[in-house]
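Dumped query_13.cif below, it's mmCIF, C-alpha atoms:
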data_entry
#
loop_
_atom_site.label_atom_id
_atom_site.label_comp_id
_atom_site.auth_asym_id
_atom_site.auth_seq_id
_atom_site.Cartn_x
_atom_site.Cartn_y
_atom_site.Cartn_z
CA MET A 1 31.91 4.29 12.62
CA ARG A 2 32.56 7.18 15.00
CA ASN A 3 31.60 9.71 12.28
CA ALA A 4 28.50 7.66 11.47
CA ARG A 5 27.35 7.68 15.07
CA ARG A 6 28.08 11.42 15.37
CA SER A 7 25.97 12.10 12.26
CA LEU A 8 23.12 9.98 13.58
CA SER A 9 23.30 11.67 16.98
CA CYS A 10 23.00 15.08 15.32
CA ALA A 11 20.04 13.85 13.30
CA LEU A 12 18.29 12.53 16.42
CA ILE A 13 18.90 15.81 18.26
CA ALA A 14 17.44 17.74 15.31
CA VAL A 15 14.34 15.53 15.26
CA GLN A 16 13.87 15.90 19.02
CA GLY A 17 14.23 19.66 18.76
CA PHE A 18 11.67 19.83 15.96
CA LEU A 19 9.20 17.74 17.95
CA GLY A 20 9.79 19.90 21.00
CA LEU A 21 8.86 23.03 19.04
CA LEU A 22 5.65 21.35 17.93
CA VAL A 23 4.72 20.48 21.50
CA LEU A 24 5.40 23.99 22.80
CA ALA A 25 3.60 25.78 19.97
CA PRO A 26 0.23 27.38 20.85
CA VAL A 27 -2.53 24.83 20.30
CA GLY A 28 -6.16 24.25 20.90
CA VAL A 29 -7.71 21.08 22.23
CA PHE A 30 -7.38 18.29 19.66
CA ALA A 31 -9.98 15.60 19.17
CA ASP A 32 -8.86 12.23 20.53
CA VAL A 33 -9.42 10.37 17.27
CA LEU A 34 -6.08 8.59 16.87
CA SER A 35 -4.62 5.95 19.16
CA PRO A 36 -1.42 6.61 21.17
CA ALA A 37 -0.45 3.00 20.43
CA PRO A 38 3.06 2.21 19.17
CA ALA A 39 3.75 1.29 15.57
CA ALA A 40 3.44 -2.47 15.01
CA THR A 41 7.13 -3.01 14.27
CA ARG A 42 9.62 -5.76 15.08
CA ASN A 43 13.16 -6.80 14.14
CA THR A 44 13.18 -8.60 10.77
CA HIS A 45 16.79 -9.82 10.89
CA PRO A 46 16.65 -13.07 8.82
CA PHE A 47 17.82 -15.21 11.74
CA ILE A 48 15.90 -13.31 14.45
CA ARG A 49 12.51 -13.02 12.73
CA ILE A 50 12.08 -16.80 13.18
CA PHE A 51 11.49 -16.28 16.92
CA GLY A 52 8.38 -15.00 18.66
CA LEU A 53 9.36 -11.39 19.32
CA PRO A 54 5.93 -9.72 19.64
CA THR A 55 4.87 -6.56 17.88
CA PRO A 56 3.83 -3.80 20.30
CA GLY A 57 0.36 -2.32 20.24
CA PHE A 58 -3.06 -2.37 21.89
CA VAL A 59 -6.69 -1.85 21.00
CA GLU A 60 -8.15 1.60 21.77
CA PRO A 61 -10.41 1.49 24.87
CA ALA A 62 -13.15 3.40 23.03
CA ASP A 63 -13.37 0.70 20.33
CA ARG A 64 -14.61 -2.88 20.26
CA GLY A 65 -11.70 -3.96 18.09
CA ARG A 66 -9.33 -3.30 15.21
CA PHE A 67 -8.06 -5.19 12.18
CA GLY A 68 -5.68 -4.31 9.39
CA ILE A 69 -2.52 -4.98 7.42
CA ALA A 70 1.05 -3.66 7.58
CA LEU A 71 3.29 -3.88 4.50
CA GLU A 72 7.02 -3.80 5.24
CA LEU A 73 10.16 -3.61 3.10
CA THR A 74 13.53 -4.24 4.76
CA ASN A 75 17.07 -4.15 3.39
CA PHE A 76 20.19 -5.85 4.80
CA SER A 77 23.84 -5.62 3.88
CA LYS A 78 26.25 -6.85 6.55
CA GLU A 79 29.30 -9.10 6.45
CA SER A 80 31.63 -10.30 9.22
CA ASN A 81 34.23 -12.99 9.83
CA ARG A 82 35.49 -13.43 13.38
CA GLY A 83 36.56 -16.20 15.73
CA GLY A 84 35.96 -18.93 13.14
CA GLU A 85 32.40 -17.71 12.45
CA HIS A 86 31.27 -16.29 9.11
CA LEU A 87 28.18 -14.18 8.43
CA THR A 88 26.77 -12.58 5.30
CA LEU A 89 23.41 -10.80 5.35
CA ASP A 90 22.58 -9.34 1.96
CA GLY A 91 19.08 -9.01 0.53
CA GLU A 92 15.61 -7.61 0.94
CA ALA A 93 12.44 -8.96 2.50
CA TYR A 94 8.86 -7.94 1.77
CA GLN A 95 6.40 -8.75 4.53
CA ALA A 96 2.65 -8.40 4.95
CA HIS A 97 1.39 -8.65 8.54
CA LEU A 98 -2.31 -9.28 9.13
CA PHE A 99 -3.54 -8.01 12.52
CA TRP A 100 -6.72 -8.48 14.53
CA GLN A 101 -7.49 -7.14 18.03
CA GLN A 102 -10.71 -7.50 20.02
CA TRP A 103 -12.01 -6.44 23.45
CA LEU A 104 -13.66 -9.14 25.59
CA GLY A 105 -15.72 -7.29 28.15
CA ASN A 106 -14.11 -4.45 30.11
CA SER A 107 -10.98 -6.14 31.45
CA PHE A 108 -9.61 -8.38 28.69
CA SER A 109 -8.62 -8.15 25.03
CA VAL A 110 -7.07 -10.60 22.56
CA ASP A 111 -5.06 -10.17 19.38
CA ALA A 112 -3.58 -12.29 16.59
CA GLU A 113 -0.99 -11.74 13.88
CA LEU A 114 -0.07 -13.74 10.78
CA PRO A 115 2.92 -12.63 8.64
CA PHE A 116 3.54 -13.39 4.98
CA ILE A 117 7.23 -13.21 3.98
CA TYR A 118 8.95 -12.92 0.60
CA ASP A 119 12.78 -12.94 0.40
CA SER A 120 14.49 -11.40 -2.61
CA GLY A 121 17.64 -9.69 -3.84
CA GLY A 122 15.55 -6.54 -4.10
CA PHE A 123 16.22 -3.22 -5.78
CA LEU A 124 17.06 -0.66 -3.06
CA ASP A 125 20.83 -1.14 -2.60
CA ASN A 126 21.89 1.84 -4.73
CA ALA A 127 19.28 4.16 -3.24
CA ILE A 128 20.29 3.22 0.33
CA ASP A 129 23.97 3.73 -0.48
CA LYS A 130 23.18 7.28 -1.63
CA TRP A 131 21.10 7.92 1.50
CA HIS A 132 23.98 6.79 3.72
CA ASP A 133 26.33 9.06 1.75
CA ILE A 134 24.04 12.00 2.54
CA LEU A 135 24.13 11.09 6.26
CA GLY A 136 27.89 10.62 6.16
CA ILE A 137 27.66 6.93 7.05
CA GLY A 138 30.23 4.63 5.50
CA ILE A 139 29.42 0.89 5.60
CA ASP A 140 32.18 -1.25 4.10
CA SER A 141 29.96 -4.31 3.63
CA ARG A 142 27.62 -2.29 1.40
CA ASP A 143 30.51 -0.95 -0.67
CA ASP A 144 31.96 -4.41 -1.30
CA ALA A 145 28.76 -6.43 -1.89
CA PRO A 146 27.16 -7.00 -5.32
CA SER A 147 24.00 -4.96 -5.82
CA ASN A 148 20.61 -6.61 -5.36
CA ARG A 149 21.96 -9.98 -4.24
CA LEU A 150 20.14 -12.44 -1.96
CA LEU A 151 22.54 -14.24 0.37
CA HIS A 152 21.87 -14.71 4.07
CA ARG A 153 24.45 -17.18 5.36
CA TYR A 154 25.84 -18.01 8.80
CA GLU A 155 28.57 -20.64 9.37
CA ASP A 156 29.69 -21.60 12.87
CA GLN A 157 33.10 -22.81 14.03
CA GLU A 158 32.15 -26.44 13.31
CA GLY A 159 31.13 -25.71 9.70
CA ARG A 160 27.37 -25.92 10.31
CA VAL A 161 25.42 -23.52 8.09
CA ALA A 162 22.18 -21.55 8.06
CA LEU A 163 21.45 -20.38 4.51
CA ILE A 164 18.92 -18.37 2.49
CA ASP A 165 20.11 -17.89 -1.09
CA SER A 166 17.02 -18.28 -3.28
CA SER A 167 13.89 -16.17 -3.53
CA GLY A 168 10.77 -17.62 -1.97
CA SER A 169 7.61 -16.74 -0.11
CA GLY A 170 5.17 -18.15 2.40
CA ILE A 171 3.49 -17.55 5.74
CA GLY A 172 5.56 -17.04 8.87
CA ASP A 173 4.92 -18.14 12.44
CA ALA A 174 1.56 -16.96 13.81
CA ARG A 175 1.31 -15.06 17.10
CA ILE A 176 -1.65 -14.83 19.45
CA SER A 177 -1.88 -13.06 22.80
CA ALA A 178 -4.27 -11.86 25.49
CA ARG A 179 -4.23 -8.80 27.74
CA TRP A 180 -5.57 -8.29 31.22
CA HIS A 181 -6.22 -4.56 31.59
CA LEU A 182 -5.33 -4.03 35.22
CA ASN A 183 -7.36 -0.85 35.73
CA GLY A 184 -10.21 -1.67 33.36
CA ARG A 185 -11.33 -0.02 30.18
CA LYS A 186 -10.35 3.53 31.06
CA GLN A 187 -10.47 6.21 28.36
CA THR A 188 -8.53 8.88 30.29
CA GLY A 189 -5.50 8.94 32.52
CA ASN A 190 -3.14 5.94 32.47
CA LEU A 191 -3.88 2.45 31.22
CA PHE A 192 -1.91 -0.61 32.41
CA ALA A 193 -2.09 -4.13 31.01
CA LEU A 194 -0.43 -7.50 31.51
CA ARG A 195 0.03 -9.29 28.18
CA ALA A 196 0.79 -12.99 27.63
CA GLY A 197 1.22 -14.67 24.28
CA VAL A 198 2.50 -17.54 22.22
CA LYS A 199 4.18 -17.94 18.83
CA LEU A 200 3.09 -21.04 16.90
CA PRO A 201 5.31 -22.88 14.37
CA SER A 202 3.20 -22.25 11.24
CA GLY A 203 6.07 -21.04 9.01
CA ASP A 204 8.54 -23.13 7.02
CA GLU A 205 11.61 -23.54 9.23
CA ASP A 206 13.73 -24.75 6.28
CA GLU A 207 13.20 -21.37 4.58
CA PHE A 208 13.66 -19.47 7.89
CA ARG A 209 10.10 -18.17 7.92
CA GLY A 210 9.76 -19.81 11.33
CA SER A 211 11.83 -21.58 13.96
CA GLY A 212 9.97 -24.89 14.04
CA SER A 213 9.25 -24.43 17.75
CA THR A 214 6.86 -22.65 20.12
CA ASP A 215 7.83 -19.46 21.97
CA TYR A 216 6.07 -17.74 24.90
CA PHE A 217 6.15 -14.17 26.13
CA LEU A 218 4.93 -12.04 29.01
CA ALA A 219 4.93 -8.21 29.08
CA LEU A 220 3.74 -5.25 31.14
CA GLU A 221 2.33 -2.36 29.09
CA ALA A 222 1.51 1.23 30.06
CA VAL A 223 -0.22 3.98 28.08
CA ARG A 224 -0.82 7.65 28.82
CA LEU A 225 -4.28 8.27 27.32
CA THR A 226 -4.84 11.88 28.42
CA PRO A 227 -2.64 14.14 26.24
CA ILE A 228 -0.01 16.42 27.80
CA LEU A 229 -0.26 20.01 26.50
CA ASP A 230 -3.24 18.78 24.46
CA ARG A 231 -0.93 16.90 22.09
CA LEU A 232 1.69 14.59 23.56
CA ARG A 233 0.99 11.02 24.68
CA PHE A 234 3.22 8.07 25.60
CA SER A 235 3.20 4.30 25.69
CA ALA A 236 5.79 1.77 26.85
CA SER A 237 6.21 -1.95 27.39
CA LEU A 238 8.73 -4.31 28.95
CA GLY A 239 8.68 -8.08 28.68
CA TRP A 240 10.40 -11.46 28.54
CA LEU A 241 10.41 -13.88 25.60
CA ASP A 242 11.03 -17.58 26.30
CA ILE A 243 12.56 -19.15 23.17
CA GLY A 244 12.14 -22.69 21.90
CA ASP A 245 15.02 -24.41 20.07
CA ALA A 246 15.44 -23.44 16.41
CA ASP A 247 15.24 -26.30 13.92
CA ASN A 248 18.58 -25.30 12.35
CA GLU A 249 21.57 -26.82 14.22
CA ALA A 250 23.94 -23.91 13.53
CA LEU A 251 21.47 -21.49 15.13
CA SER A 252 20.18 -23.69 17.96
CA ASN A 253 23.71 -24.24 19.29
CA LEU A 254 24.16 -20.45 19.60
CA GLN A 255 20.72 -19.26 20.69
CA ARG A 256 19.86 -18.14 24.20
CA ASP A 257 16.96 -19.45 26.27
CA GLY A 258 15.20 -16.09 26.33
CA VAL A 259 15.53 -12.33 25.88
CA VAL A 260 14.22 -9.11 27.38
CA PHE A 261 12.30 -6.82 24.99
CA GLY A 262 10.56 -3.47 25.19
CA ASN A 263 9.64 -0.23 23.51
CA VAL A 264 8.93 3.44 24.25
CA THR A 265 6.65 5.50 22.00
CA SER A 266 5.53 9.12 21.90
CA THR A 267 2.83 10.49 19.61
CA ILE A 268 2.20 14.15 18.89
CA GLN A 269 -1.25 15.18 17.64
CA LEU A 270 -0.80 17.76 14.85
CA THR A 271 -4.48 18.07 13.88
CA ASP A 272 -7.66 16.13 14.54
CA THR A 273 -6.56 13.57 11.97
CA TRP A 274 -2.73 13.66 11.91
CA GLN A 275 -0.04 12.45 14.32
CA LEU A 276 3.73 12.30 14.39
CA LEU A 277 5.21 9.16 15.91
CA LEU A 278 8.63 8.63 17.50
CA GLN A 279 9.58 5.21 18.89
CA LEU A 280 12.47 3.15 20.23
CA ASP A 281 12.30 -0.66 20.07
CA GLY A 282 14.86 -2.84 21.78
CA HIS A 283 15.63 -6.40 22.80
CA GLY A 284 18.42 -8.47 24.26
CA SER A 285 20.81 -10.72 22.38
CA PHE A 286 19.25 -13.82 20.80
CA TYR A 287 22.59 -15.51 20.12
CA ARG A 288 25.98 -16.04 21.69
CA GLY A 289 29.13 -15.85 19.58
CA THR A 290 31.75 -13.42 18.33
CA ILE A 291 29.93 -11.73 15.42
CA ASN A 292 28.19 -8.52 16.44
CA ALA A 293 25.45 -8.80 13.80
CA MET A 294 24.30 -12.01 15.53
CA SER A 295 25.21 -11.51 19.20
CA GLU A 296 24.56 -7.83 19.96
CA GLU A 297 21.54 -6.35 21.66
CA THR A 298 19.27 -4.37 19.33
CA ILE A 299 17.92 -0.83 19.39
CA GLN A 300 15.81 0.44 16.48
CA PHE A 301 14.76 4.06 15.99
CA ILE A 302 11.32 4.39 14.37
CA PHE A 303 9.76 7.62 13.16
CA GLY A 304 6.76 8.36 10.99
CA THR A 305 3.20 9.59 10.81
CA ARG A 306 -0.33 8.34 11.37
CA TRP A 307 -3.51 9.75 9.90
CA GLY A 308 -7.24 9.15 10.17
CA PHE A 309 -9.61 9.07 7.21
CA ALA A 310 -13.16 7.98 6.34
CA LYS A 311 -14.11 8.17 10.04
CA ASP A 312 -12.96 4.72 11.23
CA TYR A 313 -9.84 4.11 9.13
CA ILE A 314 -6.21 4.78 10.08
CA GLY A 315 -3.14 4.95 7.84
CA GLU A 316 0.42 4.72 9.15
CA PHE A 317 3.84 5.13 7.54
CA VAL A 318 7.05 4.62 9.51
CA VAL A 319 10.76 4.27 8.78
CA SER A 320 13.09 2.22 10.99
CA GLU A 321 16.88 2.67 11.27
CA ASP A 322 19.52 0.85 13.34
CA PRO A 323 21.58 3.75 14.77
CA ILE A 324 23.89 1.82 17.12
CA SER A 325 23.49 -1.94 16.50
CA ASP A 326 24.26 -4.39 13.70
CA THR A 327 21.49 -6.86 14.54
CA ALA A 328 18.68 -5.00 12.74
CA PRO A 329 18.03 -4.10 9.10
CA ASP A 330 19.91 -1.15 7.60
CA VAL A 331 16.52 0.40 6.87
CA SER A 332 12.86 -0.66 6.96
CA PHE A 333 9.79 1.03 5.48
CA GLN A 334 6.33 0.11 6.74
CA LEU A 335 2.91 1.19 5.47
CA GLY A 336 -0.12 0.13 7.47
CA PHE A 337 -3.89 0.45 7.15
CA TYR A 338 -6.28 -0.36 9.99
CA ARG A 339 -10.01 -0.20 10.61
CA ARG A 340 -11.46 0.52 14.05
CA TYR A 341 -14.91 -0.80 14.90
#

Would it be possible to restate this file's structure as structure tokens?
Amino acid sequence: MRNARRSLSCALIAVQGFLGLLVLAPVGVFADVLSPAPAATRNTHPFIRIFGLPTPGFVEPADRGRFGIALELTNFSKESNRGGEHLTLDGEAYQAHLFWQQWLGNSFSVDAELPFIYDSGGFLDNAIDKWHDILGIGIDSRDDAPSNRLLHRYEDQEGRVALIDSSGSGIGDARISARWHLNGRKQTGNLFALRAGVKLPSGDEDEFRGSGSTDYFLALEAVRLTPILDRLRFSASLGWLDIGDADNEALSNLQRDGVVFGNVTSTIQLTDTWQLLLQLDGHGSFYRGTINAMSEETIQFIFGTRWGFAKDYIGEFVVSEDPISDTAPDVSFQLGFYRRY
């Protein structure tokens, strides 16, 4: 594990150095055609995705609204037995997230999200093993597990079980939220917003596409709209998620009442129509217990690119890794397409 973290630290330093060279390179003034918003990512851990952790993001002040879809592929392979608890996370999930965001006047905006989830044994295990070999990361649970298996199973000390072991698909829990933009609909300088939202139990809790309960969240968001050195912009958020009881007894006995969450994002404008994106997502522990892959806090490192095309359309591709925590997927790939109007 120490070698793995050293390799990942070197990789992060290399990425930061590369981005620093881009920022310091001689540039002209770039057109402000792409949003500095964060990538619409969230933790898709099979027993965390059931809760109402919101995706970050906001609607560009220059627009009336935005809608689109994000397609995500995630892969898990983790196994742990400790303190009478047993956990196996092995499989892939394919998710399609439908998004809609809309301004209401100059001080308020609303947004909604509906996920569609398909659980499967997948096909990426061998490719990910080779990628980790290149990075010098050894993960024993990947080496020992059968390839392309679907088995997400948690058993507590009393023998109660949460289990996903057969492929299936369906909608997840819907999320809706509203923002109060504290300093109005500014298009330069800094933008601040207070966001409040709710997660509704629209997914099948028996298949762990939802929790069977309602969650609430509140967050403060900040965005730097005017680019630094004509290229670099930032956004950040910090919030609290109040969690309703999960329908599964094994999980509800372990879950916490709420968690802190947040993210920090930087975007670098390469041309009028291309950006690089670097992001950190994090949240507190959703569960108590002795198994790290259930009870640890989460930090995810997200990097990728965003491009504009056909005037009002935006494409986005990002990759997410879990450099220091076990409570997030080994790797996630997300491809999104959005239309501004």

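Shortest atom-to-atom contact with Thr188 (chain A) among A:Asp326, A:Glu155, A:Glu60, A:Asp90: A:Glu60, counting all atoms listed in the file.
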
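Atom pair CA of Leu182 (chain A) / CA of Asn263 (chain A): separated by 19.4 Å.
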
Checklist entry - Could you work out how far CA of Phe234 (chain A) lies from CA of Thr267 (chain A), giving the answer in Å with one decimal? => result 6.5 Å

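For the residues A:Leu278, A:Ile324, A:Ile314, A:Ala193, ranking by smallest atom-to-atom distance to Phe67 (chain A) using only C-alpha atoms places A:Ile314 first.
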
Item to check | Contacts of Val264 (chain A) within 7 Å, all atoms listed in the file, excl. fewer than 3 positions in-chain, as an NGL selection string | outcome: :A and (235-237 or 279-281)

Item to check | Nearest-residue call for Tyr287 (chain A), choices A:Val319, A:Ala40, A:Leu270, A:Ala250, using only C-alpha atoms | outcome: A:Ala250

Next on the checklist: Give me the residues near Trp307 (chain A) as a list in words, where near means some atom within 8 Å (using all atoms listed in the file) and where sequence neighbours in that chain fewer than 3 positions away do not count.
Outcome noted: Leu34, Thr273, Trp274, Gln275, Ile314, Gly315 and Glu316 of chain A

Checklist entry - What gap, in Å, lies between CA of Trp103 (chain A) and CA of Asp312 (chain A)? => result 16.6 Å

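Evaluated on this file, the PyMOL selection byres ((chain A and resi 35-37) around 8) matches Asp32, Val33, Leu34, Pro38, Ala39, Gly57, Phe58, Val59, Glu60, Val223, Arg224, Leu225, Arg233, Phe234, Ser235, Thr265, Ser266 and Thr267 of chain A.
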